Structures are given as C-alpha cells and as structure tokens.
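Shown next, in structure tokens, is the structure this report addresses.
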Amino acid sequence: MREMDAAARTHVGRVRTSNEDAWLSRPGAGLFAVVDGMGGQACGEVAAAIAVQALAEVPNLSGLAGETVLAQALAVARDRILASADEDSSKEGMGAVATALRFDDGGGAVSLAHVGDTRAYLVSATGVRILTNDHLVASVSGKKPQVARDLGRRDLQGNWVETTRVKVAMGDLLVLSSDGLHDVVPMDELGRELVKLRAEARTADAVATRLVSMALSGGGPDNITVVAVRVGRFRRGVAGRSRLVPLVGVAGILAGAVGGWLAANELPLGRTVLPEEVIGELTVQGVDEIVVPSASRTQVRPGSSFRIVGERLRGSDWAVELLGGSTLQLERTVVALDRELFVRLEPNSALLVRDVRVESGRLRFAVPAGARVVLEHVSLPNEAALVIEGEGLVSRVDVAVPPMPPPPVEALVPPDEAPPPPALAPPAVPDAAPPVAP
C-alpha cells in the first residue's frame, strides 16, 4: 500500500487582486488545514497567517484527542488575532475562518475542528459526505449570507469551535476547501466530480488542480484554495520520501510582519513536486533534490507562474509547456538530467534561467515569436548543452562553456623527452575579415 498522498493548490481567482487564503499540509504529522482570511487586503492575509502559525504549532500529544488539540489551536489563533488588532487599530475587524484536520488512531480516523464557512469533504466508497457545517447568518435580500463565527470575533462564547471525528479507510479521499470553491461549483456537480476522481484513483495533486480549475471555470470571483489527501499508510512522524516545500504567496509577503512565519507544505518527491499542471503561483524551494522520472511533463496555465529556486534536478527528462501569459523561473538550480529539460513556450509567455549550472543533459527551448527567454549566468558543459529553436526574443548574459581544465601533472611530458616544436608556417592572409561573433 502506498504512503499517504497529499497536495495543495491556491489561486487568487479572476476578480480579487490579493490572496487572503492560506493552507497547511504536513503529511508526516498527519496535519492539514485551510484558512480564509477576512478584513481586506493585508489584514486578511495577516489574520490567515496567524491562524496557520497557531495550527502549525499543534503538538503531537497522543494522550489528547485530536479534536481537543485542534480546538485549542484555533482558540490560540483567535487570541493572537485579537491581540494583533489591539496593537494596531488599522487591523480592527480582521479575522479568519478555518477547517483543520489531524489523523489519529494510526491513520484509521481523522479529527476535525472548524469555524466559519471553509469545508471538509470525505469521499469514500459510499459517496461524498460534508464533514463541516457552514456557520452563517440568515441571508438578507438575496445577498450572500454573512459568517456567524470567525477567529476575529470578540463576542464568541461557549463551544464556538465545531469538532468532529470520523473513521477513514485506505483509498478514501479527504478534501479541505475555502468558499471560493463551493460558492461557485454547485454541490451536485462537485459531488459527481469528487466521486469520479476517487474512482479513477487520481493523485492528490490532480484532485486539487482539477477542483481549482472548476472554480475558475465558474468565474473565480473569490480566492480558491484546496487541500486534497488520499488516505494511505500513516505513522506519525514518518514522512517517507517527503521533503519540505515552503508555501508561496501569503507566507512570503508576511514573513516579516508575523515574526518570520513561514508556513510549510511537506510533499513527496517526484510528480507531486513537479506537478502535471500549475494553476496560480507555485514555488519549489528547500528540497534537497528533485527526482525527475522519465517523461515527466508539466503544463503552466495562462496567467500562472512556477518557480524552482536553489534546487538540483536529477533524473531522466522533463518537458514543460508554458501557455500564453505564464512564466517559468529556474534560479540557482543545478540540472543533472540523462536527456534534456525541454521548455515549449507559447506567445506572451516567459522563461527566466538565472544562476543555473548544467552538469549533464541539455536545455532545449522552443521560443516562438512573441515569447521571451532570459538567460543570466548559465554554465554549460559544452556548446551542445543549449539548443534554442524559434524566432522569439532571447537575451543572454554570461552564458558560457567553462574552460578546459589543465592536464594532470603526471600526463605532462618531461622536457628532455619532449618532441621538437613544429616549424612555424607564415600566417595566412584572409580574403576578408572574419565575422564578429554575436
């Protein structure tokens, strides 16, 4: 039986200019969460970051029920959000809604804690079950109902955190999402798709990507975040072939604002690290080594960006397709592939390759008119390691083949055995000046 498979995807949507969603995905700890910030622009992002930080600090206490631990973490998040608002009056009214999940009983059950209108779904052999209740007030004049509970409310009393515990089985699919998904995709349509994705045994990455795509197809009026978990073998503290991959978006923006907080997503190497499809912003950073299986393929959707920073790509071959308006950035990266890294650009897409060293394999880029490639400080083993096809714009700064190293000392011929130097022929006079290298 394979290990637990988990992935997360987020997108700002087609209307909003900032992403106030945040998420937590730690398969090794069996801990997952989706948080939707409230309060507008930076305040909502701050509240979401504070909530994720509190959940990330959930201790591994086997003696306490998961529901209790998660409820305590949300209470801590509320206290910190209110304290931050007390220190800065401009943050008054900020808040967040959240759904958090923790695996217990050796992976045979999950505990949940929930506040607001984020959701959790369980997709099993018997169908789809919503594990959370939306905490909303009655709708007025057909407008969207307001949230009745959130982590920024000062008047919450009693048991304001909803908790539950359910059993799960191998192959079940768990999905956490912000309202950017279920406010757009009707429940009957969403349910059918979830059942189909489970039946097809799609990877968690494919599930999360598909659900975000459905919300965008419906107009994407809000931020969209999905965490998908396919239940497999689980033992707390054992990450298997997992590595640490920092979150992008809100974590990078708010690192200084919330005391250097950096939410992290723990993902297995391979196709999860190199996704089949990128929607929104995705950064891979902090991985010891990215293993590239044979015939790996990634498509970066229009308006999306994919960054790999400070990593080593080792394996067979990788093909990337950049659709119009998308970007791929390789920075401080080592390429050690058996064959090649092939990037096919569409018009209005861009590729940035900066501080990259190619140890083996080659870089091959298909650059049509209207696309752009920027190469800065790229080291190649030989001239054949870089192939550029097409008529697009290509900028090169310090792209070079390293000079041949000097021969080893033992290979040098002693002076008394050296052959006489060849006779010097008079220099030939060319008919015309040689062309100047571009």
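Lettering and numbering for the structure tokens are positional, with chains as A, B, ... in the shown order, residues counted from 1 in each chain, and ligands counted from 1 in the shown order.
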Members of segment 141-385 of chain A assigned helix (DSSP H, G or I) by DSSP, as a PyMOL selection string: chain A and resi 179-182+187-199+204-217+250-254+383-385
Residues of segment 88-258 of chain A in strand (DSSP E or B), written as a ChimeraX atom specification: /A:95-104,109-115,119-124,127-130,136,147,162-167,173-177,224-230,233,242-246
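Omitting segment 204-212 of chain A and its sequence neighbours fewer than 2 positions away, and counting only C-alpha atoms, the residues within 8 Å are Asp5, Ala6, Ala7, Ala8, Arg9, Thr10, His11, Leu181, Leu197, Arg202, Met214, Ala215, Leu216, Ile224, Thr225, Val226, Val227, Ala228, Val229, Arg230, Thr272, Pro275, Glu276, Glu277, Val278 and Ile279 of chain A.
One finds atom CA of Gly303 of chain A at 7.8 Å from atom CA of Thr327 of chain A.
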Residue contacts of Val69 of chain A (12 Å, only C-alpha atoms) excluding same-chain residues fewer than 3 positions away, as an NGL selection string: :A and (31 or 54-66 or 72-76 or 100-104 or 111-113 or 161 or 163)
Separation of atom CA of Val397 of chain A from atom CA of Pro347 of chain A, in Å and rounded to one decimal: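 One can read the atom CA of Val397 of chain A to atom CA of Pro347 of chain A distance as 22.3 Å.
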Test item: residues at most 7 Å from Leu173 of chain A, only C-alpha atoms, excluding those fewer than 5 positions along its chain, as a VMD selection string: chain A and resid 122 to 124 198 229 to 231
Write the residues you've just listed into a file as a PDB file, in the first residue's frame, and include C-alpha atoms for each of them.
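In the end it all went to result-v2.pdb:
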```pdb
ATOM      1  CA  LEU A 122     -14.911  12.800   2.869  1.00  0.00           C
ATOM      2  CA  VAL A 123     -15.177  10.804  -0.364  1.00  0.00           C
ATOM      3  CA  SER A 124     -15.449   7.080   0.285  1.00  0.00           C
ATOM      4  CA  ARG A 198     -11.720   8.935  -6.233  1.00  0.00           C
ATOM      5  CA  VAL A 229      -5.437  13.980   0.918  1.00  0.00           C
ATOM      6  CA  ARG A 230      -5.714  10.416  -0.329  1.00  0.00           C
ATOM      7  CA  VAL A 231      -5.606   8.075   2.658  1.00  0.00           C
TER       8      VAL A 231
END
```
Among the residues A:Leu323, A:Leu363, A:Val394, A:Val168, the one that comes closest to Thr298 of chain A [using only C-alpha atoms]: A:Leu323
Contacts of Asp134 of chain A at 12 Å (only C-alpha atoms; same-chain gap of 3+ positions) as a list in words: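 What passes the distance filter is Val97, Ala98, Thr99, His114, Val115, Gly116, Asp117, Thr118, Arg119, Ala120, Ile130, Leu131, Val137, Ala138, Pro145, Gln146, Val147, Ala148, Arg149, Asp150, Val161, Glu162, Ser178, Asp179, His182 and Asp183 of chain A.
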Export, as a tab-separated table (two decimals), in the first residue's frame, the selected residues with C-alpha atoms.
```
chain	number	residue	atom	x	y	z
A	97	VAL	CA	-12.37	31.11	9.12
A	98	ALA	CA	-10.67	27.75	9.21
A	99	THR	CA	-11.01	24.00	8.93
A	114	HIS	CA	-13.93	24.09	12.23
A	115	VAL	CA	-15.06	27.72	12.41
A	116	GLY	CA	-16.85	29.60	9.61
A	117	ASP	CA	-17.57	28.54	6.04
A	118	THR	CA	-14.49	26.64	4.92
A	119	ARG	CA	-15.33	22.99	4.40
A	120	ALA	CA	-14.12	19.40	4.69
A	130	ILE	CA	-19.64	17.03	4.09
A	131	LEU	CA	-17.93	16.86	7.49
A	137	VAL	CA	-26.39	34.04	9.46
A	138	ALA	CA	-29.65	34.23	7.52
A	145	PRO	CA	-25.07	35.11	3.99
A	146	GLN	CA	-22.53	36.57	6.39
A	147	VAL	CA	-20.25	34.41	8.51
A	148	ALA	CA	-21.63	33.95	12.01
A	149	ARG	CA	-18.35	32.76	13.60
A	150	ASP	CA	-14.77	33.67	12.81
A	161	VAL	CA	-15.39	25.67	17.70
A	162	GLU	CA	-17.19	22.82	15.94
A	178	SER	CA	-12.27	27.64	1.02
A	179	ASP	CA	-15.62	29.04	-0.09
A	182	HIS	CA	-18.23	25.61	-3.09
A	183	ASP	CA	-19.77	29.06	-3.58
```
Option closest in space to Gly95 of chain A, from A:Val374, A:Ile50, A:Ala33, A:Met38 [counting only C-alpha atoms]: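 Residue with the minimum atom-to-atom distance to Gly95 of chain A: A:Met38.
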